$ cat final.cif   # mmCIF, C-alpha atoms
data_input
loop_
_atom_site.label_atom_id
_atom_site.label_comp_id
_atom_site.auth_asym_id
_atom_site.auth_seq_id
_atom_site.Cartn_x
_atom_site.Cartn_y
_atom_site.Cartn_z
CA MET A 106 0.00 0.00 0.00
CA GLN A 107 1.52 3.29 -1.14
CA LYS A 108 0.26 5.22 1.91
CA PHE A 109 2.99 3.52 4.01
CA ASP A 110 5.86 4.10 1.58
CA ALA A 111 7.43 6.87 3.68
CA ILE A 112 7.87 4.65 6.75
CA ARG A 113 7.87 0.98 5.67
CA PRO A 114 10.86 -1.35 5.16
CA PHE A 115 11.64 -2.79 1.74
CA TYR A 116 9.33 -5.30 0.14
CA ASP A 117 11.18 -8.49 -0.82
CA ALA A 118 10.93 -7.48 -4.49
CA GLU A 119 13.05 -4.39 -3.68
CA VAL A 120 15.75 -6.14 -1.64
CA ASN A 121 18.13 -7.28 -4.38
CA GLN A 122 18.17 -3.89 -6.09
CA ALA A 123 18.98 -2.19 -2.75
CA LEU A 124 21.79 -4.66 -2.08
CA ARG A 125 23.25 -4.13 -5.55
CA ALA A 126 23.26 -0.38 -4.91
CA SER A 127 24.98 -0.86 -1.53
CA VAL A 128 27.38 -3.75 -2.09
CA ASN A 129 30.38 -1.47 -2.72
CA HIS A 130 29.59 1.07 0.00
CA PRO A 131 32.51 1.40 2.47
CA MET A 132 30.16 0.87 5.44
CA MET A 133 28.87 -2.38 3.90
CA LYS A 134 32.47 -3.50 3.45
CA ALA A 135 33.24 -2.62 7.09
CA LEU A 136 30.17 -4.55 8.31
CA MET A 137 30.96 -7.63 6.21
CA ASN A 138 34.69 -7.62 7.03
CA PHE A 139 33.74 -7.52 10.72
CA THR A 140 31.22 -10.34 10.28
CA PHE A 141 33.31 -12.54 7.99
CA PRO A 142 36.92 -11.60 8.82
CA ASP A 143 38.47 -14.64 7.10
CA GLN A 144 36.41 -14.37 3.93
CA PRO A 145 37.55 -12.60 0.73
CA ASP A 146 35.29 -9.70 -0.26
CA GLU A 147 34.29 -11.48 -3.46
CA VAL A 148 32.65 -14.30 -1.46
CA TRP A 149 30.29 -12.18 0.66
CA LYS A 150 29.60 -9.87 -2.30
CA GLU A 151 28.53 -12.84 -4.41
CA GLN A 152 26.23 -14.06 -1.61
CA LEU A 153 24.74 -10.58 -1.14
CA LEU A 154 23.96 -10.31 -4.83
CA LYS A 155 22.08 -13.63 -4.64
CA THR A 156 19.88 -12.37 -1.79
CA HIS A 157 16.27 -11.57 -2.67
CA SER A 158 14.40 -11.37 0.64
CA ILE A 159 14.64 -9.61 3.99
CA ARG A 160 14.55 -12.97 5.79
CA ASP A 161 17.57 -14.25 3.83
CA PHE A 162 19.47 -11.03 4.50
CA GLN A 163 18.67 -11.18 8.21
CA CYS A 164 19.47 -14.89 8.64
CA ASN A 165 22.59 -15.08 6.47
CA PHE A 166 24.15 -11.71 7.28
CA ILE A 167 22.62 -9.74 10.19
CA TYR A 168 22.30 -12.81 12.43
CA GLN A 169 25.97 -13.64 11.72
CA SER A 170 26.95 -10.04 12.53
CA LEU A 171 25.05 -10.30 15.82
CA GLN A 172 26.91 -13.49 16.77
CA LYS A 173 30.22 -11.74 16.13
CA VAL A 174 29.14 -8.76 18.29
CA LEU A 175 28.19 -11.12 21.13
CA GLU A 176 31.47 -12.99 20.77
CA LYS A 177 33.62 -9.85 20.85
CA THR A 178 31.75 -7.57 23.26
CA SER A 179 29.82 -9.74 25.72
CA ASP A 180 30.00 -12.77 27.99
CA GLY A 181 26.93 -14.19 26.32
CA LEU A 182 23.18 -13.81 25.93
CA SER A 183 20.71 -15.79 28.04
CA THR A 184 16.97 -15.91 27.43
CA SER A 185 13.79 -17.06 29.14
CA GLY A 186 10.10 -17.20 28.26
CA PHE A 187 10.42 -17.85 24.51
CA GLU A 188 8.97 -21.34 24.93
CA LYS A 189 5.59 -19.73 25.76
CA LEU A 190 5.29 -18.19 22.28
CA GLU A 191 3.50 -20.03 19.48
CA LYS A 192 5.06 -20.58 16.07
CA ASN A 193 3.57 -18.77 13.05
CA THR A 194 1.94 -16.26 15.41
CA ALA A 195 2.38 -12.47 15.40
CA TYR A 196 2.90 -10.63 18.69
CA LEU A 197 3.29 -6.98 19.67
CA PHE A 198 6.48 -6.94 21.75
CA ILE A 199 6.66 -3.86 24.00
CA SER A 200 10.11 -3.64 25.51
CA ASN A 201 12.19 -1.57 27.84
CA HIS A 202 14.83 0.18 25.73
CA ARG A 203 18.52 0.50 26.56
CA ASP A 204 20.43 0.25 23.29
CA ILE A 205 19.50 1.74 19.91
CA ILE A 206 20.18 -1.28 17.70
CA LEU A 207 20.96 -4.22 19.96
CA ASP A 208 17.67 -4.47 21.87
CA THR A 209 15.69 -5.39 18.80
CA SER A 210 18.56 -7.28 17.09
CA LEU A 211 19.03 -9.55 20.10
CA LEU A 212 15.28 -10.19 20.33
CA ASN A 213 15.13 -11.10 16.64
CA GLY A 214 18.17 -13.35 16.96
CA ALA A 215 16.46 -15.25 19.78
CA LEU A 216 13.15 -15.42 17.87
CA PHE A 217 15.03 -16.84 14.87
CA GLU A 218 16.74 -19.47 17.04
CA HIS A 219 13.38 -20.52 18.49
CA GLY A 220 11.73 -20.77 15.05
CA LEU A 221 9.34 -17.89 15.77
CA VAL A 222 8.11 -14.95 13.69
CA MET A 223 10.73 -12.18 13.68
CA THR A 224 9.68 -8.57 14.11
CA ALA A 225 9.26 -5.43 12.13
CA SER A 226 10.85 -2.90 14.47
CA ALA A 227 10.34 0.80 15.10
CA ILE A 228 13.37 3.08 14.59
CA GLY A 229 13.58 6.86 15.03
CA ASP A 230 14.13 8.90 11.87
CA ASN A 231 17.06 10.62 13.63
CA LEU A 232 19.01 7.35 13.28
CA VAL A 233 18.53 6.88 9.55
CA ARG A 234 19.54 10.25 8.16
CA LYS A 235 22.64 8.77 6.51
CA SER A 236 21.48 7.12 3.28
CA PHE A 237 23.33 3.85 3.90
CA LEU A 238 21.87 3.51 7.40
CA LYS A 239 18.39 4.13 5.99
CA THR A 240 18.93 1.39 3.40
CA LEU A 241 20.33 -1.00 6.02
CA SER A 242 17.39 -0.35 8.34
CA LYS A 243 14.89 -1.03 5.54
CA LEU A 244 16.77 -4.26 4.72
CA ASN A 245 16.46 -5.25 8.38
CA ARG A 246 12.68 -4.72 8.50
CA ASN A 247 12.67 -1.44 10.42
CA PHE A 248 9.85 1.05 10.02
CA VAL A 249 10.44 4.74 10.69
CA VAL A 250 9.08 6.73 13.63
CA GLN A 251 9.05 10.39 12.63
CA ARG A 252 10.23 12.62 15.48
CA GLY A 253 10.17 16.31 16.31
CA LEU A 254 7.09 17.16 14.24
CA PRO A 255 4.63 20.02 14.92
CA PRO A 256 1.48 18.83 16.76
CA ARG A 257 -0.80 18.47 13.73
CA GLU A 258 1.82 16.61 11.66
CA LEU A 259 2.69 14.47 14.68
CA LEU A 260 -0.95 13.41 14.97
CA GLU A 261 -1.07 12.41 11.29
CA SER A 262 2.25 10.58 11.60
CA SER A 263 1.00 8.69 14.67
CA LYS A 264 -2.21 7.67 12.86
CA LEU A 265 -0.20 6.39 9.91
CA MET A 266 2.16 4.40 12.11
CA SER A 267 -0.68 2.89 14.16
CA GLU A 268 -2.42 1.80 10.94
CA TYR A 269 0.80 0.28 9.67
CA ILE A 270 1.36 -1.63 12.92
CA ARG A 271 -2.21 -2.95 12.75
CA GLN A 272 -1.66 -4.11 9.17
CA LEU A 273 1.57 -5.90 10.12
CA LEU A 274 0.00 -7.68 13.08
CA ARG A 275 -3.49 -8.46 11.77
CA ARG A 276 -3.04 -8.85 8.00
CA GLU A 277 0.59 -9.82 7.41
CA ASN A 278 1.02 -11.99 10.54
CA ARG A 279 4.23 -10.09 11.26
CA SER A 280 5.35 -9.49 14.84
CA VAL A 281 6.21 -5.92 15.83
CA TRP A 282 8.76 -4.54 18.31
CA ILE A 283 8.26 -1.12 19.84
CA ALA A 284 9.89 0.53 22.84
CA GLN A 285 7.78 1.32 25.89
CA ARG A 286 8.75 5.01 25.54
CA GLU A 287 10.24 7.36 22.97
CA GLY A 288 14.01 7.14 23.12
CA ARG A 289 16.20 4.99 25.31
CA THR A 290 15.99 4.96 29.09
CA LYS A 291 18.89 7.10 30.33
CA ASP A 292 18.44 6.77 34.09
CA GLY A 293 17.53 3.11 34.59
CA ASN A 294 13.86 3.92 35.28
CA ASP A 295 11.95 1.76 32.80
CA ALA A 296 8.40 3.07 32.48
CA THR A 297 5.78 2.70 29.75
CA HIS A 298 4.64 6.05 28.37
CA SER A 299 0.90 6.20 27.85
CA GLY A 300 1.51 8.14 24.60
CA VAL A 301 2.92 4.97 23.02
CA LEU A 302 -0.26 3.06 23.90
CA LYS A 303 -2.47 5.94 22.72
CA MET A 304 -0.65 5.86 19.38
CA LEU A 305 -1.28 2.11 19.10
CA ALA A 306 -4.93 2.65 20.04
CA MET A 307 -5.40 4.96 17.02
CA GLY A 308 -5.11 1.89 14.81
CA SER A 309 -7.91 0.04 16.56
CA ASP A 310 -10.57 -1.41 14.27
CA GLU A 311 -12.62 -2.61 17.26
CA ALA A 312 -15.53 -0.85 18.96
CA ASN A 313 -13.98 -1.87 22.27
CA LEU A 314 -10.35 -0.72 22.70
CA MET A 315 -9.43 -3.55 25.07
CA ASP A 316 -10.67 -6.05 22.46
CA TYR A 317 -8.08 -4.59 20.09
CA PHE A 318 -5.23 -4.91 22.59
CA ARG A 319 -6.34 -8.50 23.25
CA LYS A 320 -6.27 -9.36 19.55
CA ILE A 321 -2.83 -7.89 18.83
CA LYS A 322 -1.30 -10.05 21.61
CA VAL A 323 0.71 -7.60 23.71
CA VAL A 324 3.87 -9.20 25.13
CA PRO A 325 6.12 -7.22 27.52
CA VAL A 326 9.85 -7.83 27.03
CA SER A 327 12.53 -7.17 29.61
CA ILE A 328 16.16 -6.75 28.48
CA SER A 329 19.03 -6.19 30.88
CA TYR A 330 22.74 -5.61 30.26
CA GLU A 331 25.33 -6.22 32.98
CA TYR A 332 27.25 -3.24 31.62
CA ASP A 333 25.46 -0.59 29.56
CA PRO A 334 27.89 0.04 26.68
CA THR A 335 26.67 3.63 26.36
CA ASP A 336 26.47 4.46 30.08
CA ALA A 337 28.98 7.36 30.04
CA LEU A 338 27.48 8.74 26.80
CA LYS A 339 24.14 9.20 28.57
CA MET A 340 25.66 11.44 31.26
CA PRO A 341 25.67 14.81 29.44
CA GLN A 342 21.90 14.54 28.85
CA LEU A 343 21.31 13.68 32.51
CA MET A 344 23.59 16.57 33.52
CA ALA A 345 21.56 18.99 31.40
CA ALA A 346 18.31 17.72 32.92
CA ALA A 347 19.74 18.16 36.45
CA ASN A 348 20.60 21.77 35.59
CA ASN A 349 17.20 22.42 33.92
CA GLU A 350 18.96 23.01 30.60
CA ILE A 351 17.82 21.98 27.12
CA TYR A 352 20.17 19.30 25.81
CA ILE A 353 21.33 19.77 22.22
CA LYS A 354 22.95 16.77 20.55
CA GLU A 355 26.23 16.97 18.67
CA LYS A 356 26.01 16.54 14.91
CA ASN A 357 26.98 12.83 14.78
CA GLU A 358 26.04 11.94 18.35
CA ASP A 359 23.30 9.43 17.49
CA PHE A 360 25.60 7.61 15.07
CA MET A 361 28.48 7.48 17.59
CA THR A 362 26.10 6.20 20.28
CA LEU A 363 24.85 3.56 17.86
CA LEU A 364 28.41 2.36 17.20
CA SER A 365 29.32 2.46 20.90
CA GLY A 366 26.28 0.37 21.76
CA ILE A 367 27.28 -2.29 19.24
CA MET A 368 31.02 -2.38 19.99
CA GLY A 369 31.10 -1.45 23.71
CA GLN A 370 31.56 -4.07 26.44
CA LYS A 371 28.30 -5.46 27.84
CA LYS A 372 29.40 -8.55 29.79
CA ARG A 373 26.22 -10.63 30.30
CA ILE A 374 22.83 -9.89 28.68
CA HIS A 375 19.43 -11.37 29.46
CA ILE A 376 16.11 -11.16 27.59
CA HIS A 377 12.88 -12.31 29.21
CA ILE A 378 9.60 -12.71 27.34
CA GLY A 379 6.59 -12.01 29.53
CA ASP A 380 3.16 -13.58 29.24
CA VAL A 381 0.69 -12.34 26.64
CA LEU A 382 -1.40 -9.74 28.50
CA LYS A 383 -4.79 -11.43 28.39
CA THR A 384 -6.00 -11.90 31.98
CA GLU A 385 -4.60 -8.43 32.78
CA ILE A 386 -6.61 -6.88 29.94
CA ASP A 387 -9.74 -8.75 31.05
CA GLN A 388 -9.30 -7.28 34.53
CA ILE A 389 -8.62 -3.76 33.19
CA GLU A 390 -11.83 -3.95 31.18
CA ARG A 391 -13.85 -5.07 34.21
CA GLU A 392 -12.50 -2.37 36.50
CA ASN A 393 -12.34 0.66 34.15
CA ASP A 394 -14.93 1.99 31.72
CA ASN A 395 -12.91 5.11 30.94
CA THR A 396 -10.47 4.82 28.00
CA ASN A 397 -7.75 6.96 29.61
CA LYS A 398 -7.88 4.87 32.78
CA GLN A 399 -7.70 1.70 30.69
CA ILE A 400 -4.58 3.01 28.92
CA GLN A 401 -2.97 3.92 32.26
CA ALA A 402 -3.81 0.50 33.70
CA LEU A 403 -2.37 -1.23 30.62
CA ALA A 404 0.86 0.80 30.95
CA GLN A 405 1.04 -0.33 34.59
CA ALA A 406 0.51 -3.98 33.61
CA ILE A 407 3.37 -3.73 31.09
CA ASP A 408 5.60 -2.09 33.72
CA ASP A 409 4.74 -4.78 36.28
CA SER A 410 5.73 -7.51 33.83
CA ILE A 411 9.00 -5.83 32.81
CA LEU A 412 10.00 -5.01 36.41
CA SER A 413 9.14 -8.44 37.78
CA SER A 414 11.26 -10.22 35.17
CA TYR A 415 14.14 -7.73 34.89
CA LYS A 416 17.43 -9.54 35.52
CA LEU A 417 19.50 -7.77 38.17
CA TRP A 418 23.26 -8.18 37.73
CA PRO A 419 26.09 -7.69 40.27
CA THR A 420 26.65 -4.22 38.74
CA ASN A 421 23.13 -3.18 39.80
CA TYR A 422 23.66 -4.28 43.40
CA ILE A 423 27.16 -2.74 43.57
CA ALA A 424 25.84 0.62 42.31
CA TYR A 425 23.01 0.53 44.85
CA ASP A 426 25.39 -0.11 47.74
CA LEU A 427 27.83 2.60 46.58
CA LEU A 428 25.07 5.15 46.00
CA TYR A 429 23.33 4.58 49.31
CA LYS A 430 26.56 3.88 51.26
CA THR A 431 25.48 0.47 52.46
CA ASP A 432 26.50 -3.17 52.13
CA GLU A 433 22.94 -4.45 52.02
CA TYR A 434 23.50 -6.38 48.81
CA ALA A 435 27.11 -7.47 49.39
CA ALA A 436 26.08 -11.12 49.11
CA HIS A 437 25.13 -10.52 45.45
CA TYR A 438 28.63 -9.65 44.22
CA THR A 439 32.28 -10.46 44.79
CA GLU A 440 35.01 -8.04 45.85
CA ASN A 441 36.58 -8.47 42.42
CA GLU A 442 33.31 -7.53 40.67
CA LYS A 443 33.07 -4.45 42.89
CA GLN A 444 36.64 -3.38 42.07
CA LEU A 445 36.01 -3.80 38.33
CA PHE A 446 32.88 -1.65 38.54
CA GLU A 447 34.64 1.03 40.60
CA ARG A 448 37.47 1.09 38.05
CA ARG A 449 34.91 1.64 35.27
CA LEU A 450 33.41 4.47 37.34
CA ASP A 451 36.86 6.06 37.83
CA ILE A 452 37.72 5.86 34.12
CA LYS A 453 34.41 7.14 32.77
CA ILE A 454 33.23 9.69 35.33
CA ASP A 455 34.77 12.75 36.98
CA GLN A 456 34.32 11.88 40.65
CA HIS A 457 34.63 15.54 41.60
CA ASN A 458 31.33 16.14 39.81
CA PRO A 459 28.63 14.85 42.20
CA ILE A 460 25.84 15.14 39.59
CA LEU A 461 27.70 12.89 37.12
CA TRP A 462 28.83 10.47 39.83
CA GLU A 463 25.32 10.13 41.24
CA GLY A 464 23.78 9.94 37.77
CA PHE A 465 26.08 7.11 36.69
CA LEU A 466 25.44 5.09 39.85
CA SER A 467 21.68 5.77 39.72
CA MET A 468 21.50 4.41 36.16
CA TYR A 469 22.63 1.03 37.49
CA ALA A 470 20.98 1.26 40.94
CA ASN A 471 17.48 2.34 39.87
CA PRO A 472 16.47 -1.12 38.57
CA VAL A 473 17.12 -2.41 42.13
CA VAL A 474 15.09 0.46 43.63
CA ASN A 475 12.22 -0.14 41.20
CA LYS A 476 12.20 -3.90 41.69
CA ARG A 477 12.01 -3.37 45.47
CA LYS A 478 9.05 -1.00 45.03
CA TYR A 479 7.32 -3.51 42.76
CA GLN A 480 7.88 -6.42 45.16
CA ASN A 481 6.63 -4.35 48.11
CA ALA A 482 3.51 -3.36 46.17
CA VAL A 483 2.60 -6.92 45.17
#
$ encode --input "final.cif" --output "structure tokens"
Amino acid sequence: MQKFDAIRPFYDAEVNQALRASVNHPMMKALMNFTFPDQPDEVWKEQLLKTHSIRDFQCNFIYQSLQKVLEKTSDGLSTSGFEKLEKNTAYLFISNHRDIILDTSLLNGALFEHGLVMTASAIGDNLVRKSFLKTLSKLNRNFVVQRGLPPRELLESSKLMSEYIRQLLRRENRSVWIAQREGRTKDGNDATHSGVLKMLAMGSDEANLMDYFRKIKVVPVSISYEYDPTDALKMPQLMAAANNEIYIKEKNEDFMTLLSGIMGQKKRIHIHIGDVLKTEIDQIERENDNTNKQIQALAQAIDDSILSSYKLWPTNYIAYDLLYKTDEYAAHYTENEKQLFERRLDIKIDQHNPILWEGFLSMYANPVVNKRKYQNAV
């Protein structure tokens, strides 16, 4: 449908032509040399030119790139909950969001390994301004979220995206990944923004909104990194917020953050797939007849699922104890793990700047704080 041309990924019929146009781009060469370091360029180029579908590109190239990233920059990915998902079934995955590219790439890698439907994934237009990155995103089944629009245009853009998401889920049987909020979480406080759910609701073709959310099979996803590869890069934005200043990004900041997220050290990573929100939606419908209250309750249900299944690492407990000057969680980490974390803190953060020091520790400690609040509320 032409109405979605401005935001959709490539159709399979367009894939080979896009690859032919990109095969000699220096960034494609860099990506392929990283992925296949022992392979002559002619070999991967020949394979690229034989590729005619997004699935083949993702499985034969992007999945291999992801394995190389995990090998070089992590101590491995663990997963849980994927066995609950049904094959050949589309889900709306709503996830906490820490890293620009990896969150959705890791999810898709795990879906592929479990023989499940991979996602079409939302990506901000600020990340695809370079023509090669736009092409690569469209080859990887990303659809574009248009940012920074005036109110009227933003409304139209949101309507278009919600219609496109509905088409993917209901007509094309294609799963969708979307973050629980616009932009990545900078401070470790993962919270679902009601605006995301209101945008999704615009695409409803049901008289009853909760019927629509039932039918599109909402699945909360929790992703946690032992080390956030972009932790120090998030500090200037937090510093500006602490000083009530408007943060203005550097020209290539998004691209540098994207690269740092891919190539920075992460240690261990865990992805948990929550339950499809069915009984929760039934309860929301029984208890609320007001649409706004239903949306708020659904956001809370997503948050509850993400918080309850968020994997806390030694780094989270260490940061909590350092920030609050306690040893409450000392049993959850070793002295060596604490020294490694403190060394990272020394290298990345000016300890004479209390705002930066506290901001860095809070980023890692807040998941502990939030999990405690959730457990106390249950």
$ resolve_selection --input "final.cif" --expression "the PyMOL selection byres ((chain A and resi 150) around 10)" --output "JSON, numbers by chain"
{"A": [124, 125, 128, 129, 133, 134, 137, 145, 146, 147, 148, 149, 151, 152, 153, 154, 155]}
$ residues_around --input "final.cif" --residues "segment 368-379 of chain A" --least-positions-apart "3" --cutoff "8 Å" --atoms "only C-alpha atoms" --output "CSV table (one decimal) with C-alpha atoms, in the frame of the given file"
chain,number,residue,atom,x,y,z
A,174,VAL,CA,29.1,-8.8,18.3
A,177,LYS,CA,33.6,-9.8,20.8
A,178,THR,CA,31.8,-7.6,23.3
A,179,SER,CA,29.8,-9.7,25.7
A,180,ASP,CA,30.0,-12.8,28.0
A,181,GLY,CA,26.9,-14.2,26.3
A,182,LEU,CA,23.2,-13.8,25.9
A,183,SER,CA,20.7,-15.8,28.0
A,184,THR,CA,17.0,-15.9,27.4
A,185,SER,CA,13.8,-17.1,29.1
A,186,GLY,CA,10.1,-17.2,28.3
A,187,PHE,CA,10.4,-17.8,24.5
A,212,LEU,CA,15.3,-10.2,20.3
A,324,VAL,CA,3.9,-9.2,25.1
A,325,PRO,CA,6.1,-7.2,27.5
A,326,VAL,CA,9.8,-7.8,27.0
A,327,SER,CA,12.5,-7.2,29.6
A,328,ILE,CA,16.2,-6.8,28.5
A,329,SER,CA,19.0,-6.2,30.9
A,330,TYR,CA,22.7,-5.6,30.3
A,331,GLU,CA,25.3,-6.2,33.0
A,332,TYR,CA,27.2,-3.2,31.6
A,333,ASP,CA,25.5,-0.6,29.6
A,334,PRO,CA,27.9,0.0,26.7
A,335,THR,CA,26.7,3.6,26.4
A,364,LEU,CA,28.4,2.4,17.2
A,365,SER,CA,29.3,2.5,20.9
A,410,SER,CA,5.7,-7.5,33.8
A,411,ILE,CA,9.0,-5.8,32.8
A,414,SER,CA,11.3,-10.2,35.2
A,415,TYR,CA,14.1,-7.7,34.9
A,416,LYS,CA,17.4,-9.5,35.5
$ resolve_selection --input "final.cif" --expression "the PyMOL selection byres ((chain A and resi 403) around 12)" --output "PyMOL selection string"
chain A and resi 199+285+296-303+306+314-315+318-319+323-325+382-390+392-393+396-402+404-410
$ atom_distance --input "final.cif" --atom1 "atom CA of Asn278 of chain A" --atom2 "atom CA of Ala195 of chain A"
5.1 Å
$ residues_near_point --input "final.cif" --point "(0.8, 6.6, 16.5)" --cutoff "12 Å" --atoms "only C-alpha atoms" --output "ChimeraX atom specification"
/A:227,249-252,258-271,283,287,299-309
$ atom_distance --input "final.cif" --atom1 "atom CA of Lys173 of chain A" --atom2 "atom CA of Ile159 of chain A"
19.9 Å
$ atom_distance --input "final.cif" --atom1 "atom CA of Arg113 of chain A" --atom2 "atom CA of Lys339 of chain A"
29.3 Å
$ residues_around --input "final.cif" --residues "Leu274 of chain A" --least-positions-apart "6" --cutoff "8 Å" --atoms "all atoms listed in the file" --output "PDB file with C-alpha atoms, in the frame of the given file"
ATOM      1  CA  ALA A 195       2.380 -12.470  15.400  1.00  0.00           C
ATOM      2  CA  TYR A 196       2.900 -10.630  18.690  1.00  0.00           C
ATOM      3  CA  LEU A 197       3.290  -6.980  19.670  1.00  0.00           C
ATOM      4  CA  SER A 280       5.350  -9.490  14.840  1.00  0.00           C
ATOM      5  CA  VAL A 281       6.210  -5.920  15.830  1.00  0.00           C
ATOM      6  CA  ILE A 321      -2.830  -7.890  18.830  1.00  0.00           C
TER       7      ILE A 321
END
$ residues_around --input "final.cif" --residues "segment 456-473 of chain A" --least-positions-apart "4" --cutoff "6 Å" --atoms "only C-alpha atoms" --output "number ranges by chain"
A: 292-293, 421, 424-425
$ write_last_selection --input "final.cif" --atoms "C-alpha atoms" --output "mmCIF file, in the coordinates of the input"
data_model
loop_
_atom_site.group_PDB
_atom_site.id
_atom_site.type_symbol
_atom_site.label_atom_id
_atom_site.label_comp_id
_atom_site.auth_asym_id
_atom_site.auth_seq_id
_atom_site.Cartn_x
_atom_site.Cartn_y
_atom_site.Cartn_z
ATOM 1 C CA ASP A 292 18.440 6.770 34.090
ATOM 2 C CA GLY A 293 17.530 3.110 34.590
ATOM 3 C CA ASN A 421 23.130 -3.180 39.800
ATOM 4 C CA ALA A 424 25.840 0.620 42.310
ATOM 5 C CA TYR A 425 23.010 0.530 44.850
#
$ build_atoms --input "final.cif" --residues "segment 418-424 of chain A" --atoms "all heavy atoms" --output "short mmCIF file (atom, residue, chain, number, x, y, z; two decimals), keeping the file's coordinate frame"
data_model
loop_
_atom_site.label_atom_id
_atom_site.label_comp_id
_atom_site.auth_asym_id
_atom_site.auth_seq_id
_atom_site.Cartn_x
_atom_site.Cartn_y
_atom_site.Cartn_z
N TRP A 418 21.89 -7.68 37.80
CA TRP A 418 23.26 -8.18 37.73
C TRP A 418 24.06 -7.67 38.95
O TRP A 418 23.62 -6.72 39.62
CB TRP A 418 23.94 -7.71 36.44
CG TRP A 418 23.29 -8.17 35.19
CD1 TRP A 418 22.57 -7.43 34.30
CD2 TRP A 418 23.30 -9.51 34.66
NE1 TRP A 418 22.12 -8.21 33.25
CE2 TRP A 418 22.57 -9.49 33.45
CE3 TRP A 418 23.86 -10.72 35.09
CZ2 TRP A 418 22.38 -10.63 32.67
CZ3 TRP A 418 23.68 -11.86 34.31
CH2 TRP A 418 22.94 -11.80 33.11
N PRO A 419 25.24 -8.23 39.20
CA PRO A 419 26.09 -7.69 40.27
C PRO A 419 26.32 -6.17 40.16
O PRO A 419 26.34 -5.47 41.17
CB PRO A 419 27.40 -8.46 40.09
CG PRO A 419 26.98 -9.78 39.52
CD PRO A 419 25.83 -9.46 38.62
N THR A 420 26.43 -5.66 38.93
CA THR A 420 26.65 -4.22 38.74
C THR A 420 25.50 -3.39 39.32
O THR A 420 25.73 -2.30 39.85
CB THR A 420 26.79 -3.88 37.24
OG1 THR A 420 25.72 -4.52 36.52
CG2 THR A 420 28.12 -4.38 36.68
N ASN A 421 24.28 -3.90 39.24
CA ASN A 421 23.13 -3.18 39.80
C ASN A 421 23.22 -3.11 41.32
O ASN A 421 23.01 -2.05 41.93
CB ASN A 421 21.82 -3.84 39.39
CG ASN A 421 21.63 -3.92 37.88
OD1 ASN A 421 21.61 -5.01 37.31
ND2 ASN A 421 21.50 -2.79 37.23
N TYR A 422 23.56 -4.24 41.94
CA TYR A 422 23.66 -4.28 43.40
C TYR A 422 24.85 -3.46 43.91
O TYR A 422 24.75 -2.78 44.94
CB TYR A 422 23.78 -5.73 43.87
CG TYR A 422 22.55 -6.56 43.62
CD1 TYR A 422 22.58 -7.66 42.76
CD2 TYR A 422 21.33 -6.26 44.25
CE1 TYR A 422 21.45 -8.43 42.54
CE2 TYR A 422 20.20 -7.03 44.03
CZ TYR A 422 20.26 -8.11 43.17
OH TYR A 422 19.14 -8.87 42.95
N ILE A 423 25.97 -3.52 43.19
CA ILE A 423 27.16 -2.74 43.57
C ILE A 423 26.82 -1.24 43.54
O ILE A 423 27.14 -0.49 44.47
CB ILE A 423 28.34 -3.03 42.62
CG1 ILE A 423 28.82 -4.48 42.80
CG2 ILE A 423 29.50 -2.07 42.88
CD1 ILE A 423 29.69 -4.98 41.65
N ALA A 424 26.20 -0.80 42.45
CA ALA A 424 25.84 0.62 42.31
C ALA A 424 24.90 1.06 43.43
O ALA A 424 25.05 2.16 43.98
CB ALA A 424 25.21 0.87 40.94
#
